[in-house]
Structure formats: C-alpha cells, structure tokens
Amino acid sequence: MSLGRRGLLQANQILKMFCIWKVGDGTSIRAVSQPWVHGQIPKFRDNVNLGTATTTRVADLILPNNQGWNTRMIHRFFIPHDARMIQSMELPYRPTEKDRFYWPLTRSGNYSTKSGYGLLLRHQQNETYNMTTPIGSKFFRQLWGLNIMPKWKLFVWKIWHNCLATSSNLLKRNITTTSHCATCLDDYEDDQHIFRFCPLAIEAWVASDLQINPSGPADISMADWLELWMDKFLKEDGFGGLRLPQFIGTLWAIWKARNGQVFSHIRATEEVYQCHLRESHQQHVRFLRDDHPPFIPPPAPNYGPPPGLLSIKLGKLQGFHPDIIIQIDGSWDKSTGFGGVGWVAMRQSRPFRNKGEFLFASSALHTEALACLSAIKWVRSMNLANVLIITDSALLVTFLGSKAREDITIHYTLDAIRTEAGELPSCSLLKVNRDQVQMAHVLALNCRKTRLSLE
Ligand SMILES: [Zn+2]
C-alpha cells in the first residue's frame, strides 16, 4: 500500500471516530455503546442490569406514533442529567427517518475540508477540540492581537472577507467588463487565483522557505486557507514567530506586484515581486522598532439585508397586509436544557390568543423554532389565512429560507415547520427587533422559569 493511500485511510479512521449519531427511528443505535446524545454516550443508572443495558436500542426509548420520548423509561434507565439531555433532543417529524452519522464540527453536519483538516492537525497535537469555538471570530481575535502593521491586518481582513478589488469582484459590481488576470491572462482573477494559483504566486511560494504548497488543499476557500496557515504558524511559533509575518509579507508583495501590473503596466516578474518582498520586510522591521498606537479593528462588512427586510415565505403564497400577526419567542437555560416557548396572536394590534409551553430543548434556536412550530400548528387548526409570524431570530429566518444552510441539531423541527406551513395559503416569517416580540418573550421566560405551560 502506498504511503499516500495509507495516510488517507488513517485519516479516514480518525475522522470516523469523531462522527456522531443523529437519531432517526432509533433502530440502528445501541444506547449503551454509541455516541447519540449530543455526541456523548449517556450513563445508565447503577441499578439497571447489564443485560438490559446492552440490548437496549434507542428505538426502545421512543413512544410509538410520533408521541415523543418515553420519559418514564428514560428516567428509569439513565442518570438525571443525561435523561434531561435526551429529552432535549428533537425526534423526527417523519416516522420513516433513519438514524445517520453526521459530522459534528460544522453546523450543517456535512463534512468540510476545513473542519476535517483542522481536526486532523488538532488530533496530531493531542488537543481536545472545543465544539463551541466559532473559528472565524477566534481567527480575528488573533489577527487583531498580532504585532504587525495595521495595514497588514486590514489587508488580511480584506482577503478573508473577499473584498479586495480583484477583477472578478469588480466585474460582479459592473465596474469593469472583464474578469481576466492581467499577470498571466487567465480568464478568472479572484483572490484564490492571485494568491495561490497564478504563476506569479506559485513562483513566490516556491521561492520562500515557508514550505507552502499553494495549490493544496484543493477545494478550500481563501478564508479557510488563510486560517489554516496562520493558525499553524501561530501554534508552532507563538505570537513572536518569524514565519507568520513572512507569510503575510509574501501575500502583500504578491498583491503589490499584481497592482503594479494592473495600474502601472510594470510587468509582474519574480524580480519585481522580490523587490516588494524586501521592501515589506523592511517596513515590518521598522514597525517593530517604533512605538505604535493600539489598533482599532473595523466592523465586519454588512452582508445581510437591512433590518426589517429579512423575511421568507412559508405558505403557498406571499402574503400582503396580513390579517393576523403572531409574535413568537423562545427561552432556554443551557445548564438544565429547560426551555420555554411563547406566542401571541394579534388582530388589529390587539392580542386575542396566546400560548406558553414548558419543554426541553437543545439550544436557544431550538426553542425559537419550536415556538414557530407551535404557532403554525395553531394557525392550521383554526383554518386561518394570511398570517405573518414575527421573530427576533435572524438565524431562524435564514435557516428556514435555505436548506443548504442548516443546523443539524434542529433539522427535524425545521422540516416540520416547512411542511406544516407549506399547507397554509399565505404565511410569512419576518425578522424584527427584540422589543417587537416582548409579549411572547415574557410568556416564554415565565414558562421556562415556572416549568408550567399555559394557554
Ligand atoms: Zn494570473
């Protein structure tokens, strides 16, 4: 077996170790030996005999006919904390759903090169991975803390957010009529091309002693590629390391050489690039020697639509001038998994019906989705038409609006909302400010705290 193939198999085994179960009908999962409760194996109580424990399938813990978890059995079998965790997990909306493996390090549960590669690196270094760390924000915390020129920080920030004035970006905004690369005449110049795939970039990386293969991994975004290398240099060399400024200086010099070609028609040769590299190195050395004021990071560019306009159609038609507006909200306590949901239906700005419920949930977003589902079920039972549901959760609207971007832990709940609401003639969901869902908020909070439901 070749070394490459063996390496791949080994990598595959490590990755498999990290996959966890998403419970469907529960027939494929052994409750005692497979990670099925938020990636953990729940603990049986001491008084449960071993024979029972080893033969129990997760399916045995689910009531028939979509009635939810068998809470009595769960509390008889498992220690209290783990019993609560089990109750907080959603069950399928459709009874035919099979159990499946998923990848825990991305929100959607789909394997991504970045998370996989990152995991392998961490595994090699014997570090435990904290699933809650948002990789993007940690990257920027580190970036702002680096001892490098502010213009370099902004430069990296721009590459990460893909807002450099590359030909393809300019074409997208109708500023130019061509997307080709002025250096090599390739017909698509984006940031990946400039910094990784253009012959100029390849020469630059080969000439450096950073041992970077710019073309690998192949299907990785520019942002991920940046994070990958910067993370590696920071981990291996620390904040005072030499390779990180060298890495950024190389990117900077490539960019300068490319700009010379575009704006001044100075051919971007390796000599020109080397000249920019020396200059950027000198600037960095001077920067380290001098005193400098603290750097203030910029806010992220606003990609989302303006507030009040994030909305999606859930029913068959887009509704206008809704007869009924329902505000929804959820409340959640991480330590216990206790949740509350609330909704208040209004007609001509007057509340006429509300509902609050105590339940178990796996996240704040989960309670928000359950509040939405509860409101929609009520709308259906009342045969109402032309309804607008308002929420303060941008994530809920985003996830319901796109199946590609989803959170696997609430997959079934989103599925239920889409299916139930899809039967309604007209129903929309709109993101609003927190104070516009205040009544539903109070209801949800009270239900969680008192552990009572009210109608
Ligand atoms: Zn090129």
# chains A, B, ... in the order shown; residues from 1 in each chain; ligands from 1
$ residues_near_ligand --ligand "ligand 1" --cutoff "12 Å" --atoms "only C-alpha atoms and all ligand atoms" --output "ChimeraX atom specification"
/A:166-167,179-203,254-255,257-259,261-262,267-269
$ write_last_selection --atoms "C-alpha atoms" --output "PDB file, in the first residue's frame"
ATOM      1  CA  THR A 166      -9.896  41.763  -7.843  1.00  0.00           C
ATOM      2  CA  SER A 167     -11.059  41.707 -11.450  1.00  0.00           C
ATOM      3  CA  SER A 179     -12.509  39.237 -15.076  1.00  0.00           C
ATOM      4  CA  HIS A 180      -9.165  38.176 -16.508  1.00  0.00           C
ATOM      5  CA  CYS A 181      -5.813  38.253 -14.733  1.00  0.00           C
ATOM      6  CA  ALA A 182      -3.504  40.962 -16.068  1.00  0.00           C
ATOM      7  CA  THR A 183      -0.436  38.996 -14.977  1.00  0.00           C
ATOM      8  CA  CYS A 184      -0.987  35.639 -16.678  1.00  0.00           C
ATOM      9  CA  LEU A 185      -4.112  36.328 -18.768  1.00  0.00           C
ATOM     10  CA  ASP A 186      -6.052  33.536 -17.077  1.00  0.00           C
ATOM     11  CA  ASP A 187      -9.704  34.357 -17.595  1.00  0.00           C
ATOM     12  CA  TYR A 188     -10.821  34.483 -13.974  1.00  0.00           C
ATOM     13  CA  GLU A 189      -8.928  36.539 -11.440  1.00  0.00           C
ATOM     14  CA  ASP A 190     -10.290  36.101  -7.926  1.00  0.00           C
ATOM     15  CA  ASP A 191      -8.358  36.118  -4.639  1.00  0.00           C
ATOM     16  CA  GLN A 192      -7.647  32.387  -4.891  1.00  0.00           C
ATOM     17  CA  HIS A 193      -6.099  32.928  -8.290  1.00  0.00           C
ATOM     18  CA  ILE A 194      -3.975  35.895  -7.268  1.00  0.00           C
ATOM     19  CA  PHE A 195      -2.563  34.390  -4.069  1.00  0.00           C
ATOM     20  CA  ARG A 196      -2.481  30.674  -4.846  1.00  0.00           C
ATOM     21  CA  PHE A 197      -2.880  29.674  -8.473  1.00  0.00           C
ATOM     22  CA  CYS A 198      -1.424  32.452 -10.598  1.00  0.00           C
ATOM     23  CA  PRO A 199       2.104  31.543 -11.865  1.00  0.00           C
ATOM     24  CA  LEU A 200       3.356  34.637 -10.041  1.00  0.00           C
ATOM     25  CA  ALA A 201       2.001  33.293  -6.731  1.00  0.00           C
ATOM     26  CA  ILE A 202       3.353  29.811  -7.352  1.00  0.00           C
ATOM     27  CA  GLU A 203       6.807  31.236  -8.002  1.00  0.00           C
ATOM     28  CA  ILE A 254       2.243  39.367  -4.462  1.00  0.00           C
ATOM     29  CA  TRP A 255      -0.571  41.907  -4.209  1.00  0.00           C
ATOM     30  CA  ALA A 257       3.364  43.181  -7.830  1.00  0.00           C
ATOM     31  CA  ARG A 258      -0.073  42.410  -9.213  1.00  0.00           C
ATOM     32  CA  ASN A 259      -1.200  46.018  -8.648  1.00  0.00           C
ATOM     33  CA  GLN A 261       0.912  45.243 -13.445  1.00  0.00           C
ATOM     34  CA  VAL A 262      -2.717  46.385 -13.353  1.00  0.00           C
ATOM     35  CA  ARG A 267       5.387  43.561 -15.629  1.00  0.00           C
ATOM     36  CA  ALA A 268       4.843  41.407 -12.557  1.00  0.00           C
ATOM     37  CA  THR A 269       8.021  39.366 -12.792  1.00  0.00           C
TER      38      THR A 269
END
$ select_by_dssp --residues "segment 177-405 of chain A" --states "strand (DSSP E)" --output "PyMOL selection string"
chain A and resi 311-313+324-332+338-347+350-360+387-391
$ residues_around --residues "Arg353 of chain A" --least-positions-apart "3" --cutoff "10 Å" --atoms "only C-alpha atoms" --output "list of chain:residue names"
A:Ile326, A:Trp343, A:Val344, A:Ala345, A:Met346, A:Arg347, A:Arg350, A:Glu455
$ residues_around --residues "segment 394-404 of chain A" --least-positions-apart "4" --cutoff "9 Å" --atoms "only C-alpha atoms" --output "VMD selection string"
chain A and resid 108 310 to 314 365 to 366 368 to 369 414 to 415 417 to 418 429 to 432
$ residues_around --residues "segment 440-452 of chain A" --least-positions-apart "2" --cutoff "10 Å" --atoms "only C-alpha atoms" --output "number ranges by chain"
A: 326-333, 337-345, 354-360, 367-368, 371, 391-392, 434-438, 454
$ residues_around --residues "Ser33 of chain A" --least-positions-apart "6" --cutoff "9 Å" --atoms "only C-alpha atoms" --output "compact mmCIF listing (two decimals) with N, CA and C atoms, in the first residue's frame"
# COMPACT_ATOMS: atom_id res chain seq x y z
N ILE A 41 -22.08 9.32 24.97
CA ILE A 41 -22.84 8.13 25.34
C ILE A 41 -23.45 8.40 26.71
N PRO A 42 -24.77 8.34 26.85
CA PRO A 42 -25.37 8.64 28.15
C PRO A 42 -25.07 7.53 29.17
N THR A 54 -27.18 -3.52 27.61
CA THR A 54 -26.51 -3.83 26.34
C THR A 54 -27.49 -4.13 25.22
$ atom_distance --atom1 "atom CA of Trp229 of chain A" --atom2 "atom CA of Val156 of chain A"
12.3 Å
$ closest_residue --among "A:Thr250, A:Ser215, A:Thr419, A:Gln283" --to "Met149 of chain A" --atoms "only C-alpha atoms"
A:Gln283
$ decode --residues "segment 56-100 of chain A" --atoms "N, CA and C atoms" --output "tab-separated table (two decimals), in the first residue's frame"
chain	number	residue	atom	x	y	z
A	56	THR	N	-30.49	-2.62	24.89
A	56	THR	CA	-31.39	-1.50	24.63
A	56	THR	C	-30.97	-0.73	23.38
A	57	ARG	N	-31.93	-0.59	22.49
A	57	ARG	CA	-31.72	0.27	21.31
A	57	ARG	C	-32.42	1.60	21.61
A	58	VAL	N	-31.97	2.63	20.94
A	58	VAL	CA	-32.59	3.94	21.16
A	58	VAL	C	-34.08	3.88	20.79
A	59	ALA	N	-34.41	3.03	19.80
A	59	ALA	CA	-35.82	2.89	19.40
A	59	ALA	C	-36.70	2.48	20.57
A	60	ASP	N	-36.13	1.71	21.53
A	60	ASP	CA	-36.92	1.27	22.68
A	60	ASP	C	-37.31	2.43	23.60
A	61	LEU	N	-36.64	3.56	23.44
A	61	LEU	CA	-36.88	4.70	24.33
A	61	LEU	C	-37.85	5.71	23.71
A	62	ILE	N	-38.35	5.37	22.53
A	62	ILE	CA	-39.24	6.29	21.81
A	62	ILE	C	-40.65	5.71	21.80
A	63	LEU	N	-41.64	6.52	22.13
A	63	LEU	CA	-43.04	6.08	22.12
A	63	LEU	C	-43.51	5.90	20.67
A	64	PRO	N	-44.47	4.98	20.46
A	64	PRO	CA	-44.96	4.79	19.08
A	64	PRO	C	-45.79	5.98	18.60
A	65	ASN	N	-46.02	6.03	17.31
A	65	ASN	CA	-46.90	7.03	16.68
A	65	ASN	C	-46.49	8.48	16.95
A	66	ASN	N	-45.21	8.74	16.85
A	66	ASN	CA	-44.77	10.13	16.93
A	66	ASN	C	-45.13	10.84	18.24
A	67	GLN	N	-45.17	10.05	19.35
A	67	GLN	CA	-45.56	10.67	20.62
A	67	GLN	C	-44.36	11.18	21.42
A	68	GLY	N	-43.17	11.08	20.87
A	68	GLY	CA	-42.00	11.65	21.55
A	68	GLY	C	-41.24	10.63	22.39
A	69	TRP	N	-40.39	11.13	23.23
A	69	TRP	CA	-39.56	10.26	24.07
A	69	TRP	C	-40.41	9.57	25.13
A	70	ASN	N	-40.02	8.37	25.48
A	70	ASN	CA	-40.64	7.68	26.60
A	70	ASN	C	-39.94	8.16	27.87
A	71	THR	N	-40.42	9.25	28.44
A	71	THR	CA	-39.68	9.90	29.52
A	71	THR	C	-39.59	9.03	30.78
A	72	ARG	N	-40.63	8.24	31.03
A	72	ARG	CA	-40.57	7.38	32.23
A	72	ARG	C	-39.44	6.38	32.12
A	73	MET	N	-39.35	5.77	30.96
A	73	MET	CA	-38.31	4.77	30.76
A	73	MET	C	-36.92	5.43	30.79
A	74	ILE	N	-36.82	6.60	30.18
A	74	ILE	CA	-35.54	7.31	30.14
A	74	ILE	C	-35.05	7.65	31.55
A	75	HIS	N	-35.97	8.10	32.40
A	75	HIS	CA	-35.57	8.42	33.77
A	75	HIS	C	-35.29	7.17	34.60
A	76	ARG	N	-35.90	6.07	34.24
A	76	ARG	CA	-35.61	4.82	34.95
A	76	ARG	C	-34.22	4.30	34.56
A	77	PHE	N	-33.83	4.50	33.33
A	77	PHE	CA	-32.58	3.94	32.81
A	77	PHE	C	-31.35	4.82	33.05
A	78	PHE	N	-31.50	6.14	32.90
A	78	PHE	CA	-30.31	6.99	32.84
A	78	PHE	C	-30.21	7.93	34.05
A	79	ILE	N	-28.99	8.36	34.34
A	79	ILE	CA	-28.79	9.32	35.43
A	79	ILE	C	-29.51	10.63	35.06
A	80	PRO	N	-29.96	11.41	36.06
A	80	PRO	CA	-30.85	12.55	35.79
A	80	PRO	C	-30.33	13.53	34.73
A	81	HIS	N	-29.05	13.89	34.84
A	81	HIS	CA	-28.53	14.86	33.87
A	81	HIS	C	-28.67	14.35	32.45
A	82	ASP	N	-28.27	13.09	32.25
A	82	ASP	CA	-28.30	12.56	30.89
A	82	ASP	C	-29.73	12.32	30.40
A	83	ALA	N	-30.63	12.01	31.35
A	83	ALA	CA	-32.04	11.86	30.97
A	83	ALA	C	-32.58	13.18	30.43
A	84	ARG	N	-32.19	14.28	31.08
A	84	ARG	CA	-32.64	15.60	30.61
A	84	ARG	C	-32.08	15.92	29.23
A	85	MET	N	-30.82	15.55	29.04
A	85	MET	CA	-30.19	15.81	27.74
A	85	MET	C	-30.91	15.04	26.62
A	86	ILE	N	-31.30	13.81	26.93
A	86	ILE	CA	-32.01	13.01	25.92
A	86	ILE	C	-33.34	13.68	25.57
A	87	GLN	N	-34.06	14.11	26.63
A	87	GLN	CA	-35.35	14.76	26.40
A	87	GLN	C	-35.23	16.04	25.58
A	88	SER	N	-34.05	16.67	25.64
A	88	SER	CA	-33.89	17.95	24.94
A	88	SER	C	-33.67	17.76	23.44
A	89	MET	N	-33.45	16.51	23.02
A	89	MET	CA	-33.16	16.29	21.59
A	89	MET	C	-34.46	16.13	20.80
A	90	GLU	N	-34.45	16.68	19.60
A	90	GLU	CA	-35.63	16.55	18.75
A	90	GLU	C	-35.73	15.14	18.18
A	91	LEU	N	-36.97	14.73	17.90
A	91	LEU	CA	-37.20	13.47	17.21
A	91	LEU	C	-37.76	13.77	15.84
A	92	PRO	N	-37.66	12.79	14.90
A	92	PRO	CA	-38.07	13.10	13.52
A	92	PRO	C	-39.53	13.49	13.40
A	93	TYR	N	-39.78	14.35	12.44
A	93	TYR	CA	-41.14	14.74	12.10
A	93	TYR	C	-41.79	13.60	11.32
A	94	ARG	N	-40.97	12.91	10.53
A	94	ARG	CA	-41.47	11.78	9.75
A	94	ARG	C	-41.01	10.47	10.39
A	95	PRO	N	-41.93	9.52	10.63
A	95	PRO	CA	-41.56	8.27	11.33
A	95	PRO	C	-40.61	7.40	10.51
A	96	THR	N	-40.48	7.64	9.22
A	96	THR	CA	-39.65	6.78	8.39
A	96	THR	C	-38.18	7.20	8.40
A	97	GLU	N	-37.85	8.24	9.14
A	97	GLU	CA	-36.48	8.76	9.15
A	97	GLU	C	-35.51	7.73	9.75
A	98	LYS	N	-34.40	7.48	9.04
A	98	LYS	CA	-33.41	6.51	9.54
A	98	LYS	C	-32.35	7.22	10.38
A	99	ASP	N	-31.73	6.47	11.27
A	99	ASP	CA	-30.59	7.02	12.02
A	99	ASP	C	-29.45	7.27	11.05
A	100	ARG	N	-28.66	8.31	11.32
A	100	ARG	CA	-27.50	8.50	10.45
A	100	ARG	C	-26.33	9.14	11.20
